[in-house]
$ cat data.cif   # mmCIF, C-alpha atoms
data_model
loop_
_atom_site.label_atom_id
_atom_site.label_comp_id
_atom_site.auth_asym_id
_atom_site.auth_seq_id
_atom_site.Cartn_x
_atom_site.Cartn_y
_atom_site.Cartn_z
CA MET A 1 -11.23 -34.94 23.18
CA ALA A 2 -8.66 -32.79 21.39
CA ALA A 3 -9.85 -29.30 20.56
CA GLU A 4 -10.43 -28.66 16.88
CA ALA A 5 -7.87 -26.26 15.41
CA PRO A 6 -9.30 -22.86 14.45
CA PRO A 7 -9.62 -22.21 10.72
CA ARG A 8 -6.51 -20.67 9.20
CA THR A 9 -7.13 -17.21 7.77
CA HIS A 10 -3.65 -16.35 6.49
CA CYS A 11 -0.89 -18.25 4.70
CA PRO A 12 1.74 -19.38 7.25
CA THR A 13 4.54 -18.67 4.76
CA CYS A 14 3.78 -15.37 3.03
CA GLY A 15 1.10 -14.03 5.39
CA ALA A 16 -1.42 -13.36 2.60
CA LYS A 17 -5.10 -13.46 3.50
CA LEU A 18 -6.81 -16.69 2.42
CA HIS A 19 -10.13 -15.99 0.75
CA ARG A 20 -11.16 -19.65 0.63
CA LEU A 21 -10.43 -22.29 3.24
CA ASP A 22 -11.15 -25.32 1.06
CA LEU A 23 -8.02 -25.00 -1.11
CA SER A 24 -4.83 -26.98 -0.64
CA LEU A 25 -2.39 -24.38 -2.05
CA CYS A 26 -1.76 -20.71 -1.28
CA ALA A 27 -2.53 -18.72 -4.42
CA TYR A 28 0.25 -16.24 -3.63
CA CYS A 29 3.29 -18.41 -2.83
CA ALA A 30 2.09 -21.99 -3.63
CA THR A 31 2.62 -23.20 -0.03
CA PRO A 32 0.66 -26.41 0.74
CA LEU A 33 -2.00 -25.44 3.27
CA ALA A 34 -3.48 -28.79 4.30
CA LEU A 35 -6.88 -27.12 4.63
CA GLY A 36 -9.88 -29.26 3.93
CA GLY A 37 -9.49 -32.03 1.38
CA LYS A 38 -6.94 -32.04 -1.37
CA ALA A 39 -8.08 -30.04 -4.38
CA GLU A 40 -9.13 -32.28 -7.24
CA VAL A 41 -7.32 -30.46 -10.01
CA ALA A 42 -8.09 -33.06 -12.65
CA ALA A 43 -11.84 -32.78 -12.02
CA ASP A 44 -11.85 -28.99 -11.79
CA GLU A 45 -13.70 -27.70 -14.86
CA ILE A 46 -11.92 -24.35 -14.73
CA ALA A 47 -8.54 -26.06 -14.38
CA LEU A 48 -9.27 -28.15 -17.47
CA ARG A 49 -10.18 -24.97 -19.36
CA LEU A 50 -6.96 -23.33 -18.23
CA ALA A 51 -4.92 -26.41 -19.12
CA ARG A 52 -5.96 -25.93 -22.74
CA LEU A 53 -4.26 -22.52 -22.72
CA ARG A 54 -0.93 -24.34 -22.81
CA ASP A 55 -1.75 -25.31 -26.40
CA HIS A 56 -2.29 -21.67 -27.40
CA ALA A 57 0.18 -20.35 -29.97
CA GLU A 58 1.13 -17.42 -27.70
CA PHE A 59 1.41 -19.38 -24.45
CA ALA A 60 5.17 -20.06 -24.53
CA ARG A 61 5.92 -16.46 -25.46
CA SER A 62 3.65 -15.21 -22.65
CA MET A 63 5.46 -17.37 -20.10
CA ASP A 64 8.82 -15.91 -21.17
CA TRP A 65 7.61 -12.29 -21.20
CA THR A 66 8.32 -9.97 -18.25
CA PRO A 67 5.83 -7.08 -17.89
CA ARG A 68 6.52 -3.70 -16.36
CA ASP A 69 5.44 -3.22 -12.75
CA PRO A 70 2.89 -0.35 -12.95
CA GLU A 71 2.43 0.19 -9.19
CA THR A 72 6.18 0.36 -8.56
CA GLU A 73 6.68 2.64 -11.58
CA MET A 74 3.94 5.04 -10.50
CA ARG A 75 5.35 5.32 -6.98
CA GLY A 76 8.83 5.79 -8.40
CA GLU A 77 7.66 8.53 -10.75
CA ARG A 78 6.02 10.43 -7.87
CA MET A 79 9.20 10.27 -5.82
CA ARG A 80 11.32 11.22 -8.84
CA ARG A 81 9.22 14.35 -9.36
CA ARG A 82 9.56 15.32 -5.71
CA ALA A 83 13.31 14.79 -5.84
CA GLY A 84 13.47 17.02 -8.92
CA LEU A 85 11.51 19.78 -7.21
CA PHE A 86 13.80 19.74 -4.19
CA ALA A 87 16.87 19.75 -6.45
CA LEU A 88 15.49 22.79 -8.29
CA LEU A 89 14.75 24.53 -4.99
CA ALA A 90 18.28 23.80 -3.78
CA ALA A 91 19.75 25.26 -6.98
CA VAL A 92 17.61 28.42 -6.69
CA LEU A 93 18.52 28.96 -3.04
CA PHE A 94 22.20 28.37 -3.61
CA GLY A 95 22.17 30.65 -6.64
CA ALA A 96 20.45 33.38 -4.65
CA SER A 97 23.11 33.17 -1.97
CA GLU A 98 25.81 33.73 -4.61
CA VAL A 99 24.15 36.37 -6.78
CA PHE A 100 22.49 38.79 -4.40
CA TRP A 101 24.35 41.14 -2.08
CA LEU A 102 23.37 39.81 1.32
CA ARG A 103 24.65 39.86 4.83
CA ARG A 104 26.84 36.93 5.79
CA SER A 105 24.16 35.54 8.10
CA ASP A 106 21.58 35.67 5.29
CA VAL A 107 23.98 33.92 2.91
CA ARG A 108 24.57 31.18 5.44
CA GLY A 109 20.83 30.83 5.97
CA LEU A 110 20.21 30.42 2.23
CA GLN A 111 23.06 27.95 1.89
CA PHE A 112 21.73 25.93 4.83
CA ALA A 113 18.25 25.89 3.28
CA ALA A 114 19.77 24.82 -0.06
CA ALA A 115 21.64 21.98 1.66
CA VAL A 116 18.43 20.83 3.38
CA ALA A 117 16.53 20.88 0.07
CA ALA A 118 19.32 18.93 -1.64
CA ALA A 119 19.33 16.37 1.18
CA LEU A 120 15.56 15.92 0.87
CA GLY A 121 15.93 15.41 -2.88
CA LEU A 122 18.57 12.73 -2.30
CA ALA A 123 16.35 11.12 0.34
CA PHE A 124 13.52 10.77 -2.17
CA LEU A 125 15.92 9.23 -4.72
CA PHE A 126 17.17 6.78 -2.08
CA ARG A 127 13.62 5.91 -1.08
CA MET A 128 12.69 5.38 -4.74
CA SER A 129 15.62 2.98 -5.21
CA PHE A 130 14.87 1.14 -1.96
CA ASP A 131 11.15 0.83 -2.79
CA ARG A 132 11.95 -0.54 -6.23
CA ARG A 133 14.37 -3.14 -4.87
CA ARG A 134 11.87 -4.20 -2.21
CA SER A 135 9.03 -4.49 -4.73
CA LEU A 136 11.08 -6.49 -7.21
CA ALA A 137 12.48 -8.77 -4.50
CA GLN A 138 9.26 -10.77 -4.55
CA PRO A 139 9.37 -13.42 -7.29
CA LEU A 140 7.25 -12.81 -10.38
CA ARG A 141 4.85 -15.72 -10.89
CA ARG A 142 3.45 -16.53 -14.34
CA ARG A 143 0.39 -18.80 -14.35
CA PRO A 144 -2.65 -19.62 -16.50
CA ALA A 145 -5.61 -17.98 -14.78
CA LEU A 146 -9.29 -17.12 -15.09
CA VAL A 147 -10.89 -13.93 -13.78
CA VAL A 148 -13.62 -15.08 -11.39
CA SER A 149 -14.74 -11.63 -10.24
CA ARG A 150 -13.56 -8.07 -9.86
CA ARG A 151 -14.35 -5.10 -7.67
CA SER A 152 -12.96 -1.59 -7.48
CA VAL A 153 -12.27 1.08 -4.86
CA THR A 154 -11.91 4.74 -5.80
CA ALA A 155 -10.20 7.20 -3.47
CA GLU A 156 -9.29 10.84 -3.95
CA LYS A 157 -5.59 11.70 -4.07
CA GLY A 158 -4.42 15.23 -4.70
CA GLY A 159 -7.84 16.25 -5.98
CA LEU A 160 -7.94 13.35 -8.47
CA GLY A 161 -9.82 10.06 -8.26
CA ALA A 162 -7.55 7.00 -8.14
CA THR A 163 -9.13 3.61 -8.79
CA VAL A 164 -7.71 0.33 -7.50
CA TYR A 165 -9.14 -2.95 -8.79
CA PHE A 166 -9.27 -6.25 -6.91
CA PHE A 167 -9.44 -9.37 -9.07
CA THR A 168 -10.28 -12.83 -7.82
CA LEU A 169 -8.21 -15.20 -9.96
CA HIS A 170 -8.49 -18.97 -10.27
CA PHE A 171 -5.32 -20.79 -11.37
CA ASP A 172 -4.71 -24.07 -13.13
CA ASP A 173 -3.46 -25.67 -9.89
CA ALA A 174 -6.98 -25.01 -8.44
CA SER A 175 -5.71 -22.30 -6.08
CA GLU A 176 -7.62 -19.03 -5.91
CA GLY A 177 -7.00 -15.58 -4.44
CA GLU A 178 -7.74 -11.87 -4.68
CA PHE A 179 -5.07 -9.62 -6.19
CA ARG A 180 -4.67 -5.83 -6.21
CA TRP A 181 -4.16 -3.98 -9.50
CA PRO A 182 -3.92 -0.17 -9.88
CA GLY A 183 -6.13 1.50 -12.48
CA GLN A 184 -4.15 2.95 -15.38
CA GLY A 185 -6.58 5.35 -17.00
CA VAL A 186 -9.58 5.10 -19.29
CA LEU A 187 -7.54 3.72 -22.19
CA TYR A 188 -6.65 0.55 -20.25
CA GLU A 189 -9.84 -1.50 -19.83
CA PRO A 190 -9.70 -3.99 -16.91
CA MET A 191 -10.44 -7.63 -17.65
CA PRO A 192 -14.11 -8.70 -17.40
CA ASN A 193 -15.21 -11.78 -15.48
CA GLY A 194 -14.53 -15.03 -17.31
CA THR A 195 -11.38 -13.78 -19.08
CA THR A 196 -8.61 -16.38 -19.40
CA GLY A 197 -4.93 -15.77 -19.92
CA VAL A 198 -1.59 -15.63 -18.15
CA ALA A 199 -1.52 -13.75 -14.84
CA TYR A 200 1.71 -12.14 -13.65
CA THR A 201 1.66 -11.70 -9.89
CA ARG A 202 3.97 -10.64 -7.06
CA GLY A 203 2.54 -11.59 -3.69
CA GLU A 204 -0.94 -10.06 -3.50
CA ARG A 205 -0.32 -7.70 -6.43
CA LEU A 206 -1.43 -8.37 -9.99
CA ILE A 207 1.30 -6.97 -12.22
CA GLU A 208 -0.28 -7.75 -15.59
CA PHE A 209 -2.82 -10.06 -17.21
CA ARG A 210 -2.19 -11.19 -20.78
CA LYS A 211 -5.37 -12.43 -22.41
CA LEU A 212 -5.22 -15.71 -24.37
#
$ encode --input "data.cif" --output "structure tokens"
Amino acid sequence: MAAEAPPRTHCPTCGAKLHRLDLSLCAYCATPLALGGKAEVAADEIALRLARLRDHAEFARSMDWTPRDPETEMRGERMRRRAGLFALLAAVLFGASEVFWLRRSDVRGLQFAAAVAAALGLAFLFRMSFDRRRSLAQPLRRRPALVVSRRSVTAEKGGLGATVYFFTLHFDDASEGEFRWPGQGVLYEPMPNGTTGVAYTRGERLIEFRKL
């Protein structure tokens, strides 16, 4: 008797963790999974509810809209600030080597330190550009979705609490998955369970959710 294949826990194409094994499509890259039976999209009550979103007056505009990528922008802003600080340090050190009467060895030491600071600033700018290109390389997917559940994790960074939300989303093709979304302050209220709209995702990241 042939041994039964172990249950698949990750998508074979994108590597994302599968949170349900009874679905036929990966929620992150739409790869057919051949797990369990084929999802009955037509009989899925949630899918029927989401299908009606296509008749919403704002649906076509929502599908054409491209949101900003908050996680990529926040990382980029942190690296931009660091690059600016190193550039300022380089300018101060180089200026000190030119203004003050110092021994030649001290001048060379300050100029070397200024060059190191400038190089670190450029490294942060390069890393910011590389990180942005890598983040945006993943295709942006726009799909009608319903928020099934959400949870949050708060960690301390630099003395401040940073909250990351995890939303389980159900799509109109009957696929379902959990997506990461960074908290954006008290003025940006996360979506409650049962909210419907258009979800904008890149891999396992939720970029934006436009309520309809």
$ resolve_selection --input "data.cif" --expression "the PyMOL selection byres ((chain A and resi 170) around 6)" --output "PDB file with C-alpha atoms, in the frame of the given file"
ATOM      1  CA  ALA A 145      -5.610 -17.980 -14.780  1.00  0.00           C
ATOM      2  CA  LEU A 146      -9.290 -17.120 -15.090  1.00  0.00           C
ATOM      3  CA  LEU A 169      -8.210 -15.200  -9.960  1.00  0.00           C
ATOM      4  CA  PHE A 171      -5.320 -20.790 -11.370  1.00  0.00           C
ATOM      5  CA  GLU A 176      -7.620 -19.030  -5.910  1.00  0.00           C
TER       6      GLU A 176
END
$ resolve_selection --input "data.cif" --expression "the PyMOL selection byres ((chain A and resi 77) around 12)" --output "list in words"
Pro70, Glu71, Thr72, Glu73, Met74, Arg75, Gly76, Arg78, Met79, Arg80, Arg81, Arg82, Ala83, Gly84, Phe124, Leu125, Arg127, Met128, Ser129, Asp131 and Arg132 of chain A
$ atom_distance --input "data.cif" --atom1 "CA of Ala174 (chain A)" --atom2 "CA of Ala27 (chain A)"
8.7 Å
$ closest_residue --input "data.cif" --among "A:Ala199, A:Ala119, A:Leu25, A:Ala30" --to "Leu85 (chain A)" --atoms "all atoms listed in the file"
A:Ala119
$ closest_residue --input "data.cif" --among "A:Gly109, A:Pro182, A:Gly177, A:Gly121" --to "Glu204 (chain A)" --atoms "only C-alpha atoms"
A:Gly177
$ residues_around --input "data.cif" --residues "region 45-55 of chain A" --least-positions-apart "5" --cutoff "12 Å" --atoms "all atoms listed in the file" --output "ChimeraX atom specification"
/A:39-40,60-63,143-148,169-176,194-199,210-212
$ closest_residue --input "data.cif" --among "A:Asp64, A:Lys17, A:Asp22, A:Cys11" --to "Leu140 (chain A)" --atoms "all atoms listed in the file"
A:Asp64
$ atom_distance --input "data.cif" --atom1 "CA of Glu208 (chain A)" --atom2 "CA of Phe130 (chain A)"
22.2 Å
$ atom_distance --input "data.cif" --atom1 "CA of Phe94 (chain A)" --atom2 "CA of Leu122 (chain A)"
16.1 Å
$ closest_residue --input "data.cif" --among "A:Thr31, A:Arg141, A:Arg150, A:Gly183" --to "Trp65 (chain A)" --atoms "all atoms listed in the file"
A:Arg141
$ residues_around --input "data.cif" --residues "Thr154 (chain A)" --least-positions-apart "5" --cutoff "9 Å" --atoms "all atoms listed in the file" --output "PyMOL selection string"
chain A and resi 161-165
$ closest_residue --input "data.cif" --among "A:Cys14, A:Leu136, A:Ala114, A:Ile207" --to "Phe166 (chain A)" --atoms "only C-alpha atoms"
A:Ile207
$ residues_around --input "data.cif" --residues "Ala117 (chain A)" --least-positions-apart "3" --cutoff "7 Å" --atoms "all atoms listed in the file" --output "list in words"
Phe86, Ala87, Leu89, Ala90, Ala113, Ala114, Leu120 and Gly121 of chain A
$ write_last_selection --input "data.cif" --atoms "C-alpha atoms" --output "short mmCIF file (atom, residue, chain, number, x, y, z; two decimals), in the frame of the given file"
data_model
loop_
_atom_site.label_atom_id
_atom_site.label_comp_id
_atom_site.auth_asym_id
_atom_site.auth_seq_id
_atom_site.Cartn_x
_atom_site.Cartn_y
_atom_site.Cartn_z
CA PHE A 86 13.80 19.74 -4.19
CA ALA A 87 16.87 19.75 -6.45
CA LEU A 89 14.75 24.53 -4.99
CA ALA A 90 18.28 23.80 -3.78
CA ALA A 113 18.25 25.89 3.28
CA ALA A 114 19.77 24.82 -0.06
CA LEU A 120 15.56 15.92 0.87
CA GLY A 121 15.93 15.41 -2.88
#
$ axis_aligned_box --input "data.cif" --around "region 169-177 of chain A" --padding-each-side "5 Å" --output "AutoDock Vina command-line options"
--center_x -6.0 --center_y -20.4 --center_z -8.8 --size_x 15.0 --size_y 20.5 --size_z 18.7
$ closest_residue --input "data.cif" --among "A:Pro139, A:Phe126, A:Glu178, A:Gln184" --to "Cys26 (chain A)" --atoms "only C-alpha atoms"
A:Glu178
$ residues_around --input "data.cif" --residues "Arg205 (chain A)" --least-positions-apart "2" --cutoff "7 Å" --atoms "all atoms listed in the file" --output "PyMOL selection string"
chain A and resi 179-181+201-203+207
$ decode --input "data.cif" --residues "region 96-209 of chain A" --atoms "C-alpha atoms" --output "compact mmCIF listing (two decimals), in the first residue's frame"
# COMPACT_ATOMS: atom_id res chain seq x y z
CA ALA A 96 36.62 70.43 12.05
CA SER A 97 39.63 69.12 10.17
CA GLU A 98 39.66 72.27 8.03
CA VAL A 99 38.85 74.92 10.63
CA PHE A 100 40.85 74.01 13.70
CA TRP A 101 44.63 74.20 13.95
CA LEU A 102 45.57 70.57 14.38
CA ARG A 103 48.53 68.35 13.86
CA ARG A 104 48.68 66.62 10.50
CA SER A 105 47.99 63.23 12.10
CA ASP A 106 44.89 64.62 13.84
CA VAL A 107 43.65 66.15 10.59
CA ARG A 108 44.07 62.84 8.81
CA GLY A 109 42.25 61.07 11.64
CA LEU A 110 39.29 63.46 11.39
CA GLN A 111 39.19 63.17 7.61
CA PHE A 112 39.27 59.37 7.84
CA ALA A 113 36.42 59.43 10.37
CA ALA A 114 34.47 61.80 8.09
CA ALA A 115 35.00 59.44 5.14
CA VAL A 116 33.77 56.48 7.22
CA ALA A 117 30.67 58.41 8.31
CA ALA A 118 29.95 59.43 4.71
CA ALA A 119 30.36 55.83 3.56
CA LEU A 120 27.92 54.63 6.22
CA GLY A 121 25.42 57.27 5.13
CA LEU A 122 25.70 56.11 1.51
CA ALA A 123 25.34 52.49 2.66
CA PHE A 124 22.03 53.30 4.36
CA LEU A 125 20.80 55.07 1.21
CA PHE A 126 21.80 52.05 -0.90
CA ARG A 127 20.09 49.69 1.52
CA MET A 128 16.96 51.85 1.45
CA SER A 129 16.86 51.73 -2.35
CA PHE A 130 17.54 47.98 -2.44
CA ASP A 131 14.88 47.26 0.21
CA ARG A 132 12.32 49.31 -1.69
CA ARG A 133 13.03 47.53 -4.98
CA ARG A 134 12.84 44.13 -3.29
CA SER A 135 9.56 44.98 -1.54
CA LEU A 136 7.94 46.33 -4.69
CA ALA A 137 9.16 43.41 -6.80
CA GLN A 138 6.32 41.27 -5.46
CA PRO A 139 3.14 41.84 -7.48
CA LEU A 140 0.37 43.85 -5.86
CA ARG A 141 -2.83 41.81 -5.76
CA ARG A 142 -6.25 43.50 -5.59
CA ARG A 143 -9.12 41.24 -4.53
CA PRO A 144 -12.56 41.44 -2.90
CA ALA A 145 -12.10 40.17 0.65
CA LEU A 146 -13.77 39.76 4.03
CA VAL A 147 -12.00 40.12 7.37
CA VAL A 148 -12.53 36.80 9.16
CA SER A 149 -10.47 37.59 12.27
CA ARG A 150 -7.63 39.73 13.51
CA ARG A 151 -4.98 39.56 16.20
CA SER A 152 -2.19 41.88 17.22
CA VAL A 153 1.34 41.67 18.61
CA THR A 154 2.96 44.62 20.39
CA ALA A 155 6.72 44.82 20.82
CA GLU A 156 8.91 47.57 22.20
CA LYS A 157 11.26 49.31 19.78
CA GLY A 158 13.43 52.20 20.88
CA GLY A 159 11.37 52.69 24.02
CA LEU A 160 8.10 52.85 22.03
CA GLY A 161 5.43 50.20 21.59
CA ALA A 162 5.00 49.04 17.98
CA THR A 163 1.87 47.08 17.12
CA VAL A 164 1.63 44.65 14.21
CA TYR A 165 -1.77 43.27 13.21
CA PHE A 166 -2.45 39.90 11.59
CA PHE A 167 -5.68 39.67 9.58
CA THR A 168 -7.22 36.46 8.34
CA LEU A 169 -8.83 37.34 5.01
CA HIS A 170 -11.26 35.30 2.93
CA PHE A 171 -11.31 36.06 -0.81
CA ASP A 172 -13.94 35.68 -3.48
CA ASP A 173 -12.08 32.70 -5.00
CA ALA A 174 -12.64 30.89 -1.63
CA SER A 175 -8.94 31.08 -0.70
CA GLU A 176 -8.03 32.26 2.79
CA GLY A 177 -4.84 33.34 4.55
CA GLU A 178 -3.33 35.44 7.32
CA PHE A 179 -1.65 38.72 6.36
CA ARG A 180 0.65 41.05 8.30
CA TRP A 181 -0.18 44.76 8.56
CA PRO A 182 1.81 47.33 10.59
CA GLY A 183 -0.10 49.57 13.00
CA GLN A 184 -0.12 53.21 11.91
CA GLY A 185 -1.11 55.06 15.05
CA VAL A 186 -4.31 55.71 16.98
CA LEU A 187 -5.87 57.73 14.15
CA TYR A 188 -5.91 54.70 11.81
CA GLU A 189 -8.45 52.21 13.16
CA PRO A 190 -7.88 48.61 11.95
CA MET A 191 -10.76 46.82 10.27
CA PRO A 192 -13.12 44.87 12.57
CA ASN A 193 -14.17 41.31 11.85
CA GLY A 194 -16.79 41.01 9.13
CA THR A 195 -15.59 44.04 7.15
CA THR A 196 -15.78 43.64 3.36
CA GLY A 197 -13.83 45.54 0.75
CA VAL A 198 -10.86 45.32 -1.57
CA ALA A 199 -7.64 43.94 -0.07
CA TYR A 200 -4.29 44.98 -1.51
CA THR A 201 -1.64 42.39 -0.70
CA ARG A 202 1.98 41.60 -1.52
CA GLY A 203 2.87 38.06 -0.51
CA GLU A 204 2.02 37.72 3.18
CA ARG A 205 1.77 41.49 3.71
CA LEU A 206 -1.49 43.43 3.72
CA ILE A 207 -0.71 46.78 2.10
CA GLU A 208 -4.15 48.37 2.43
CA PHE A 209 -7.81 47.46 2.85
